[in-house]
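Structure file protein-v2.cif (mmCIF, C-alpha atoms) is printed below.
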data_final
loop_
_atom_site.label_atom_id
_atom_site.label_comp_id
_atom_site.auth_asym_id
_atom_site.auth_seq_id
_atom_site.Cartn_x
_atom_site.Cartn_y
_atom_site.Cartn_z
CA MET K 383 22.98 205.99 -18.66
CA CYS K 384 23.68 206.35 -22.36
CA THR K 385 26.01 203.95 -24.19
CA GLY K 386 28.67 206.62 -24.77
CA ARG K 387 28.97 207.46 -21.07
CA CYS K 388 28.94 203.78 -20.19
CA SER K 389 31.90 203.25 -22.57
CA SER K 390 33.82 206.06 -20.88
CA CYS K 391 33.17 204.61 -17.42
CA ILE K 392 34.29 201.15 -18.51
CA ALA K 393 37.47 202.50 -20.09
CA VAL K 394 38.37 204.60 -17.06
CA THR K 395 37.96 201.49 -14.89
CA LEU K 396 40.06 199.35 -17.25
CA TYR K 397 43.06 201.73 -17.16
CA PRO K 398 44.10 201.09 -13.53
CA LEU K 399 43.36 197.37 -13.85
CA ALA K 400 45.70 197.13 -16.85
CA LEU K 401 48.36 199.12 -15.01
CA ILE K 402 48.08 196.92 -11.92
CA SER K 403 48.40 193.81 -14.10
CA ILE K 404 51.53 195.14 -15.79
CA ILE K 405 53.13 196.12 -12.48
CA CYS K 406 52.32 192.79 -10.83
CA ASN K 407 53.83 190.84 -13.73
CA ILE K 408 57.00 192.94 -13.67
CA VAL K 409 57.36 192.59 -9.89
CA LEU K 410 56.97 188.80 -10.18
CA PHE K 411 60.31 188.74 -12.02
CA PHE K 412 62.08 190.03 -8.89
CA PRO K 413 61.30 187.84 -5.86
CA ASP K 414 62.81 189.13 -2.64
CA ALA K 415 63.45 192.40 -4.55
CA ASN K 416 66.52 190.80 -6.09
CA THR K 417 67.55 190.51 -9.75
CA LYS K 418 69.73 187.43 -9.27
CA TYR K 419 66.78 185.04 -9.50
CA ALA K 420 65.78 186.39 -12.90
CA LYS K 421 69.40 186.31 -14.09
CA ASP K 422 69.85 182.71 -12.94
CA GLY K 423 66.51 181.59 -14.41
CA HIS K 424 65.00 180.76 -11.02
CA ILE K 425 61.63 182.29 -11.81
CA THR K 426 58.29 180.52 -11.67
CA GLU K 427 57.41 179.32 -15.17
CA GLU K 428 54.03 181.10 -15.23
CA VAL K 429 55.76 184.46 -14.70
CA LYS K 430 57.53 183.95 -18.05
CA TYR K 431 54.16 183.55 -19.81
CA MET K 432 53.59 187.25 -19.00
CA GLY K 433 49.85 186.97 -18.51
CA GLY K 434 49.73 190.27 -16.67
CA LEU K 435 51.96 192.17 -19.06
CA VAL K 436 50.57 190.90 -22.37
CA GLY K 437 47.08 189.66 -21.52
CA GLY K 438 45.85 191.87 -18.70
CA GLY K 439 48.11 194.74 -19.74
CA VAL K 440 48.55 195.45 -23.45
CA MET K 441 45.57 193.38 -24.69
CA VAL K 442 43.27 195.28 -22.32
CA LEU K 443 44.91 198.70 -22.46
CA LEU K 444 44.61 199.11 -26.24
CA PRO K 445 40.88 198.27 -26.29
CA ALA K 446 40.38 200.56 -23.27
CA LEU K 447 41.84 203.46 -25.24
CA TYR K 448 39.48 202.82 -28.16
CA ILE K 449 36.50 202.22 -25.88
CA HIS K 450 37.24 205.54 -24.20
CA LEU K 451 37.13 207.23 -27.61
CA THR K 452 33.70 205.76 -28.29
CA GLY K 453 32.39 207.63 -25.27
CA LYS K 454 33.50 210.95 -26.74
CA GLN K 455 31.90 212.93 -29.52
CA GLY K 456 33.73 212.84 -32.82
CA CYS K 457 35.06 210.13 -35.08
CA CYS K 458 34.42 207.13 -32.81
CA GLY K 459 31.35 208.30 -30.90
CA ASN K 460 28.84 206.98 -33.42
CA ARG K 461 27.16 203.71 -34.38
CA CYS K 462 30.13 202.52 -36.43
CA GLY K 463 32.49 203.34 -33.59
CA MET K 464 30.31 201.42 -31.16
CA PHE K 465 30.28 198.47 -33.56
CA LEU K 466 34.09 198.49 -33.65
CA SER K 467 34.18 198.73 -29.86
CA ILE K 468 32.59 195.26 -29.78
CA ALA K 469 35.63 193.86 -31.61
CA PHE K 470 38.05 195.78 -29.40
CA ALA K 471 36.22 194.58 -26.29
CA ALA K 472 36.50 191.01 -27.62
CA VAL K 473 40.29 191.50 -27.75
CA GLY K 474 40.07 192.70 -24.15
CA VAL K 475 38.10 189.58 -23.22
CA ALA K 476 40.78 187.39 -24.82
CA GLY K 477 43.51 189.27 -22.93
CA ALA K 478 41.63 189.03 -19.66
CA LEU K 479 41.10 185.30 -20.17
CA TYR K 480 44.81 184.82 -20.86
CA ASN K 481 45.70 186.81 -17.73
CA LEU K 482 43.14 184.87 -15.72
CA SER K 483 44.31 181.44 -16.89
CA VAL K 484 48.02 182.17 -16.36
CA ALA K 485 47.33 183.56 -12.87
CA ALA K 486 45.19 180.55 -11.96
CA LEU K 487 47.91 178.21 -13.23
CA GLY K 488 50.53 180.14 -11.25
CA LEU K 489 48.46 179.76 -8.08
CA LYS K 490 47.76 176.09 -8.74
CA ASN K 491 51.37 175.08 -9.41
CA GLY K 492 52.97 177.22 -6.73
CA PRO K 493 56.33 178.95 -6.80
CA LEU K 494 59.72 177.75 -7.98
CA CYS K 495 61.94 177.75 -4.92
CA LYS K 496 64.98 176.17 -3.37
CA VAL K 497 64.18 173.14 -1.25
CA LEU K 498 67.33 172.14 0.60
CA LEU K 499 69.83 172.39 -2.30
CA ILE K 500 67.52 171.77 -5.28
CA TRP K 501 65.34 174.26 -7.19
CA SER K 502 61.86 172.82 -7.75
CA THR K 503 58.15 173.50 -7.54
CA PRO K 504 57.39 171.50 -4.40
CA PHE K 505 53.71 172.46 -4.23
CA LYS K 506 52.74 171.39 -7.74
CA ASP K 507 49.52 169.35 -7.65
CA SER K 508 49.04 169.94 -3.92
CA ASP K 509 46.70 172.03 -1.79
CA TYR K 510 49.45 174.29 -0.46
CA LEU K 511 47.26 177.40 -0.23
CA THR K 512 45.32 176.01 2.73
CA GLU K 513 48.30 174.31 4.39
CA ASP K 514 50.69 177.14 5.25
CA THR K 515 52.76 174.86 7.49
CA TRP K 516 54.43 173.45 4.34
CA TRP K 517 55.56 176.88 3.16
CA VAL K 518 58.77 176.63 5.17
CA LYS K 519 59.97 174.00 2.68
CA CYS K 520 61.06 176.88 0.48
CA THR K 521 64.31 178.27 1.82
CA GLU K 522 65.08 180.66 -1.01
CA PRO K 523 63.84 183.24 -2.11
CA ARG K 524 62.56 184.46 1.21
CA ASN K 525 58.74 184.45 1.57
CA ILE K 526 58.31 183.32 -2.03
CA VAL K 527 55.00 181.57 -1.36
CA GLN K 528 53.40 184.72 0.04
CA PHE K 529 55.00 186.79 -2.73
CA ASN K 530 53.66 184.60 -5.55
CA THR K 531 50.29 184.05 -3.93
CA GLY K 532 49.70 187.75 -3.39
CA LEU K 533 50.75 188.83 -6.88
CA PHE K 534 49.09 185.97 -8.77
CA GLY K 535 45.97 186.51 -6.65
CA THR K 536 45.97 190.17 -7.63
CA LEU K 537 46.37 189.21 -11.30
CA LEU K 538 43.49 186.77 -10.93
CA ALA K 539 41.23 189.44 -9.46
CA CYS K 540 42.22 191.97 -12.14
CA GLY K 541 41.59 189.39 -14.86
CA CYS K 542 38.10 188.65 -13.51
CA LEU K 543 37.20 192.35 -13.38
CA GLN K 544 38.64 192.98 -16.84
CA LEU K 545 36.67 190.05 -18.23
CA VAL K 546 33.41 191.34 -16.76
CA LEU K 547 34.00 194.92 -17.90
CA CYS K 548 34.96 193.94 -21.44
CA ALA K 549 31.93 191.64 -21.68
CA ILE K 550 29.70 194.51 -20.50
CA GLN K 551 31.28 196.73 -23.16
CA MET K 552 30.46 194.14 -25.83
CA ILE K 553 26.80 194.32 -24.80
CA ASN K 554 26.98 198.12 -24.48
CA GLY K 555 28.59 198.33 -27.93
CA LEU K 556 25.76 196.27 -29.40
CA PHE K 557 23.17 198.62 -27.89
CA GLY K 558 25.20 201.62 -29.05
CA CYS K 559 25.40 200.20 -32.55
CA LEU K 560 21.66 199.55 -32.71
CA CYS K 561 20.37 202.57 -30.80
CA GLY K 562 23.15 205.18 -31.11
CA THR K 563 25.47 206.67 -28.53
CA CYS K 564 23.08 209.44 -27.37
CA SER K 565 26.02 211.84 -27.22
CA LYS K 566 24.34 214.92 -28.68
CA LYS K 567 25.59 218.44 -28.22
CA THR K 568 23.60 220.48 -25.78
CA ILE K 569 23.01 224.09 -26.80
CA ILE K 570 22.97 226.56 -23.96
#
Render the structure in this file as structure tokens.
Amino acid sequence: MCTGRCSSCIAVTLYPLALISIICNIVLFFPDANTKYAKDGHITEEVKYMGGLVGGGVMVLLPALYIHLTGKQGCCGNRCGMFLSIAFAAVGVAGALYNLSVAALGLKNGPLCKVLLIWSTPFKDSDYLTEDTWWVKCTEPRNIVQFNTGLFGTLLACGCLQLVLCAIQMINGLFGCLCGTCSKKTII
């Protein structure tokens, strides 16, 4: 596969991952499909860091757009364009790492929830993911542990895939810079 086509494939794969990251981060602001928790400030701290929106979303989406252009013929589908795609892919790596670290921190610390009458993070520094019997401690929002675990787990998976794809594009961009994009017009 030539470096130009590889860039296009990577970009097309990054688009849905960035979209999923953005959606997951937005949904995390509304546990139990209710806006009152966001209004009252009862949102898990890691949600406010917006790892999925900024890191896995914008910081990956913008490089994906440029990387997609490097796979096309024209202004970016040349050695210089491939060289610049290395820098854009590095921005994507940074965004993916930010998304990954915020999601991992969100899973490690657990959700902010109401325990009896007090809002706290009861699972901080515990192994709550393997001990689901403790999840009933959280009385409000409903099913917050499953909600946070599912969405932060999805962000973690997206961040890992984005990191791998952007790293592959950095290597692909280096080969494209040194060897060319092999995107020549075919005359029929």
Counting all atoms listed in the file, the residue of K:Asp509, K:Ile449, K:Trp501, K:Phe470 that sits nearest Tyr419 (chain K): K:Trp501
Using all atoms listed in the file, which residues sit within 7 Å of region 524-528 of chain K once same-chain residues fewer than 4 positions away are excluded, as a PyMOL selection string? chain K and resi 413-414+493+517+532
Have a look at CA of Met464 (chain K) and CA of Cys559 (chain K) and let me know their distance in Å, one decimal.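 So the two atoms, CA of Met464 (chain K) and CA of Cys559 (chain K), lie 5.2 Å apart.
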Among listed residues K:Lys490, K:Lys430, K:Arg387, K:Lys519, nearest Leu538 (chain K) (using only C-alpha atoms):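 For Leu538 (chain K), the nearest of the given residues is K:Lys490.
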The PyMOL selection byres ((chain K and resi 400) around 12) resolved against shown file, as a PyMOL selection string: chain K and resi 393-399+401-407+433-447+474+477-478+481+536-537+539-545+547
Picked residues, the PyMOL selection byres ((chain K and resi 452) around 8), expected as a ChimeraX atom specification: /K:386,389-390,448-451,453-455,458-460,463-464,467
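When CA of His424 (chain K) is paired with CA of Leu499 (chain K), their separation reads 13.0 Å.
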Counting all atoms listed in the file, the option among K:Leu498, K:Val475, K:Leu489, K:Ile468 closest to Asn530 (chain K):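 For Asn530 (chain K), the nearest of the given residues is K:Leu489.
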Can you tell me, as a PyMOL selection string, what residues are no more than 6 Å from Lys496 (chain K) when counting all atoms listed in the file, ignoring any on the same chain fewer than 4 positions away? chain K and resi 500-501+520-522
Using only C-alpha atoms for the distances, tell me which of K:Thr531, K:Gly423, K:Ser508, K:Ala471 is nearest to Ile392 (chain K).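 Going through K:Thr531, K:Gly423, K:Ser508, K:Ala471 one by one, the smallest distance to Ile392 (chain K) is for K:Ala471.
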Counting all atoms listed in the file, which residues come within 12 Å of (49.4, 169.5, -10.5), with the point read in the file's coordinates, and could you list them as a list in words?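 Result, sorted by chain then residue number: Ala486, Leu487, Gly488, Leu489, Lys490, Asn491, Gly492, Thr503, Pro504, Phe505, Lys506, Asp507, Ser508, Asp509 and Tyr510 of chain K.
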